[in-house]
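Enquirer: work-v9.txt (compact mmCIF, C-alpha atoms) pasted underneath:
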```
# COMPACT_ATOMS: atom_id res chain seq x y z
CA MET S 1 -60.25 171.00 -96.86
CA GLN S 2 -57.01 172.68 -97.78
CA SER S 3 -55.80 172.54 -94.18
CA ASN S 4 -56.35 168.75 -94.10
CA ASN S 5 -54.15 168.32 -97.16
CA LYS S 6 -51.53 170.64 -95.68
CA LEU S 7 -51.57 168.64 -92.44
CA SER S 8 -51.05 165.39 -94.34
CA GLU S 9 -48.32 166.98 -96.46
CA THR S 10 -46.66 168.22 -93.28
CA LEU S 11 -46.71 164.70 -91.81
CA ILE S 12 -45.10 163.28 -94.96
CA THR S 13 -42.53 166.10 -94.96
CA LEU S 14 -41.66 165.35 -91.34
CA LEU S 15 -40.97 161.72 -92.21
CA GLY S 16 -38.79 162.88 -95.12
CA ILE S 17 -36.80 165.13 -92.80
CA TRP S 18 -36.51 162.31 -90.26
CA LEU S 19 -35.18 159.97 -92.97
CA ILE S 20 -32.56 162.55 -93.93
CA VAL S 21 -31.41 163.44 -90.42
CA SER S 22 -31.78 160.21 -88.42
CA PRO S 23 -29.00 158.14 -90.04
CA LEU S 24 -26.36 160.87 -89.68
CA PRO S 25 -25.13 160.01 -86.13
CA ASP S 26 -24.86 156.29 -86.94
CA PHE S 27 -23.14 157.04 -90.23
CA PHE S 28 -20.47 159.22 -88.65
CA ALA S 29 -19.99 156.75 -85.79
CA ASN S 30 -19.56 153.88 -88.27
CA ILE S 31 -17.13 155.81 -90.45
CA PHE S 32 -15.10 156.86 -87.39
CA ALA S 33 -15.02 153.30 -86.01
CA ILE S 34 -14.09 151.81 -89.37
CA SER S 35 -11.36 154.40 -89.92
CA SER S 36 -9.94 154.00 -86.40
CA TYR S 37 -9.30 150.26 -86.68
CA ASP S 38 -7.78 148.19 -89.43
CA TYR S 39 -10.45 145.82 -90.73
CA GLY S 40 -8.67 145.15 -94.00
CA GLU S 41 -10.85 144.48 -97.03
CA SER S 42 -14.00 144.04 -94.91
CA GLY S 43 -13.49 147.61 -93.63
CA ASN S 44 -13.93 148.91 -97.17
CA GLN S 45 -17.10 146.84 -97.54
CA MET S 46 -18.45 148.17 -94.23
CA ARG S 47 -17.63 151.73 -95.29
CA TRP S 48 -19.46 151.31 -98.60
CA LEU S 49 -22.46 149.72 -96.88
CA SER S 50 -22.65 152.72 -94.54
CA ILE S 51 -22.44 155.14 -97.46
CA ILE S 52 -25.10 153.24 -99.44
CA HIS S 53 -27.38 153.09 -96.39
CA LEU S 54 -27.05 156.83 -95.81
CA ALA S 55 -27.52 157.68 -99.48
CA THR S 56 -30.63 155.50 -99.74
CA LYS S 57 -32.27 157.07 -96.71
CA VAL S 58 -31.39 160.60 -97.84
CA PHE S 59 -32.70 159.90 -101.35
CA CYS S 60 -35.97 158.48 -99.98
CA GLY S 61 -36.32 161.43 -97.61
CA PHE S 62 -35.96 163.96 -100.42
CA ALA S 63 -38.29 161.88 -102.60
CA LEU S 64 -40.97 162.04 -99.90
CA ILE S 65 -40.48 165.77 -99.41
CA PHE S 66 -40.67 166.64 -103.10
CA SER S 67 -43.53 164.26 -103.94
CA ARG S 68 -45.70 164.95 -100.89
CA ALA S 69 -48.52 166.59 -102.89
CA LYS S 70 -48.70 163.64 -105.29
CA ILE S 71 -48.71 161.20 -102.38
CA VAL S 72 -51.57 163.10 -100.71
CA SER S 73 -53.59 163.05 -103.93
CA TYR S 74 -52.81 159.32 -104.38
CA LEU S 75 -54.12 158.64 -100.89
CA GLY S 76 -57.43 160.17 -101.96
CA LEU S 77 -57.39 163.06 -99.54
CA ASN S 78 -58.72 165.55 -102.11
CA ILE S 79 -62.38 164.70 -101.59
CA ASP S 80 -65.32 166.96 -100.81
CA SER S 81 -66.17 165.66 -97.34
CA PRO S 82 -62.89 165.19 -95.54
CA SER S 83 -62.38 163.69 -92.14
CA ASP S 84 -59.36 164.79 -90.14
CA SER S 85 -58.85 161.38 -88.60
CA ARG S 86 -59.27 159.68 -91.98
CA ASN S 87 -56.69 161.92 -93.63
CA LEU S 88 -54.19 161.49 -90.83
CA LEU S 89 -54.80 157.75 -90.66
CA SER S 90 -54.24 157.32 -94.42
CA ALA S 91 -51.07 159.40 -94.34
CA GLY S 92 -49.83 157.65 -91.19
CA ILE S 93 -50.47 154.17 -92.60
CA PHE S 94 -48.69 155.12 -95.83
CA LEU S 95 -45.68 156.36 -93.84
CA LEU S 96 -45.69 153.12 -91.85
CA GLY S 97 -45.51 151.24 -95.16
CA VAL S 98 -42.56 153.39 -96.25
CA TYR S 99 -40.87 152.67 -92.92
CA PHE S 100 -41.32 148.89 -93.33
CA PHE S 101 -40.07 149.11 -96.91
CA LEU S 102 -36.90 150.97 -95.93
CA ASN S 103 -36.23 148.66 -92.97
CA GLY S 104 -36.49 145.74 -95.37
CA PHE S 105 -33.81 147.23 -97.58
CA VAL S 106 -31.57 147.80 -94.56
CA ALA S 107 -32.03 144.15 -93.50
CA LEU S 108 -31.33 143.04 -97.08
CA GLY S 109 -28.09 145.04 -97.05
CA GLN S 110 -27.14 143.45 -93.73
CA HIS S 111 -27.86 140.01 -95.15
CA ILE S 112 -25.72 140.67 -98.22
CA GLY S 113 -22.94 141.98 -95.97
CA THR S 114 -23.02 138.92 -93.70
CA VAL S 115 -23.15 136.43 -96.58
CA GLN S 116 -19.80 137.75 -97.82
CA SER S 117 -18.11 137.16 -94.45
CA PRO S 118 -17.37 133.55 -93.50
CA ASN S 119 -19.37 131.95 -90.66
CA THR S 120 -21.68 134.94 -90.16
CA SER S 121 -24.51 134.15 -92.57
CA ASN S 122 -27.93 134.49 -91.00
CA PRO S 123 -31.07 133.46 -92.94
CA TYR S 124 -33.19 135.46 -90.48
CA LEU S 125 -31.99 138.71 -92.06
CA LEU S 126 -33.03 137.56 -95.53
CA TRP S 127 -36.51 136.56 -94.40
CA GLN S 128 -36.86 139.73 -92.34
CA ALA S 129 -35.93 141.78 -95.39
CA LEU S 130 -38.34 139.99 -97.71
CA PHE S 131 -41.29 140.15 -95.33
CA SER S 132 -40.58 143.75 -94.38
CA ILE S 133 -40.33 144.90 -98.01
CA GLY S 134 -43.48 142.96 -98.93
CA SER S 135 -45.38 144.29 -95.92
CA GLY S 136 -44.27 147.83 -96.67
CA ILE S 137 -45.50 147.64 -100.25
CA ILE S 138 -48.85 146.14 -99.23
CA VAL S 139 -49.41 148.63 -96.40
CA ALA S 140 -48.51 151.61 -98.59
CA LEU S 141 -50.80 150.45 -101.41
CA VAL S 142 -53.84 149.81 -99.19
CA SER S 143 -53.36 152.84 -96.94
CA SER S 144 -56.02 154.88 -98.72
CA ARG S 145 -58.51 152.01 -98.47
CA LEU S 146 -57.82 151.57 -94.76
CA GLY S 147 -58.39 155.29 -94.22
CA LYS S 148 -61.74 155.07 -96.02
CA PHE S 149 -62.62 151.97 -94.00
CA TRP S 150 -61.87 153.85 -90.77
CA TRP S 151 -64.02 156.76 -91.95
CA VAL S 152 -66.96 154.41 -92.63
CA ILE S 153 -66.58 152.74 -89.22
CA LYS S 154 -66.41 156.12 -87.51
CA ARG S 155 -69.60 157.33 -89.20
CA THR S 156 -71.68 154.32 -88.07
```
Could you render the structure from this file as structure tokens?

Expert:
Amino acid sequence: MQSNNKLSETLITLLGIWLIVSPLPDFFANIFAISSYDYGESGNQMRWLSIIHLATKVFCGFALIFSRAKIVSYLGLNIDSPSDSRNLLSAGIFLLGVYFFLNGFVALGQHIGTVQSPNTSNPYLLWQALFSIGSGIIVALVSSRLGKFWWVIKRT
């Protein structure tokens, strides 16, 4: 039982590490590109959007790493008769919800950035952000139920 929880905690920790490390190349490329060319006032906005995007992902990554035990207990993985596939499925579905949630915030930031520039507004980004954030919340909240559902299906 303990190894199942450790495996789920490891999966959540890996996503946290991925959230911390993955935006670094894009961040440095954006900062270099913005600093190399004169974009005027919009260059400052792009720089701040890059910094906010990086800070948000790093914060969420550390939050996942430090709260992994609470997340595993929330998912209901501390039961007497565990199933490896159920535990991994619950943790994986929860991480998919977190991924949708974060992508929604990125799309929302892009929408806010494009609304401030003339002739570049795109309603698709707003709707993508809203549906992605909503889907992420729903998927993360029902992840433990879907894992239990999979366990019941597997047993029959």

Enquirer: In terms of the shortest atom-to-atom distance over only C-alpha atoms, which of S:Gly136, S:Gly61, S:Gly113, S:Gly16 is closest to Phe94 in chain S?

Expert: S:Gly136

Enquirer: Might you pull out every residue within 12 Å of range 21-27 of chain S, with only C-alpha atoms counted and same-chain residues fewer than 6 positions away left off, and present them as a PyMOL selection string?

Expert: chain S and resi 14-15+33-34+46-62+106

Enquirer: Quote the spacing between CA of Ile93 in chain S and CA of Tyr74 in chain S in Å to one decimal place.

Expert: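 Calculated distance between CA of Ile93 in chain S and CA of Tyr74 in chain S is 13.1 Å.
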
Enquirer: Taking only C-alpha atoms into account, which of S:Ser117, S:Ser67, S:Ser144, S:Gln128 comes nearest Gly43 in chain S?

Expert: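 Ranking S:Ser117, S:Ser67, S:Ser144, S:Gln128 by distance to Gly43 in chain S, first place goes to S:Ser117.
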
Enquirer: With only C-alpha atoms as the atoms that count, which of S:Ile71, S:Ala107, S:Ile20, S:Ile31 lies nearest to Leu125 in chain S?

Expert: S:Ala107

Enquirer: Could you pull the residues within 12 Å of Leu141 in chain S, counting all atoms listed in the file, minus those fewer than 2 positions along the same chain, as a list in words?

Expert: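 The residues that qualify are Ile71, Tyr74, Leu75, Gly76, Ser90, Ala91, Ile93, Phe94, Leu95, Leu96, Gly97, Val98, Phe101, Gly134, Ser135, Gly136, Ile137, Ile138, Val139, Ser143, Ser144, Arg145, Leu146 and Gly147 of chain S.
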
Enquirer: Around range 91-110 of chain S, with edges along x, y and z and 4 Å added on all six sides, what centre and edge lengths do you get, in Å to one decimal, as AutoDock Vina command-line options?

Expert:
```
--center_x -39.1 --center_y 151.2 --center_z -94.4 --size_x 31.9 --size_y 24.4 --size_z 14.4
```

Enquirer: Report, in Å to a single decimal, how far apart CA of Leu126 in chain S and CA of Val142 in chain S are.

Expert: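 It comes out at 24.4 Å.
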
Enquirer: Quote the spacing between CA of Pro123 in chain S and CA of Gln45 in chain S in Å to one decimal place.

Expert: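 Computing the Euclidean distance for CA of Pro123 in chain S and CA of Gln45 in chain S yields 19.9 Å.
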
Enquirer: Nearest to Phe100 in chain S among S:Ala129, S:Ile17, S:Val72, S:Ile12, with distances taken over all atoms listed in the file: which residue is it?

Expert: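 Going through S:Ala129, S:Ile17, S:Val72, S:Ile12 one by one, the smallest distance to Phe100 in chain S is for S:Ala129.
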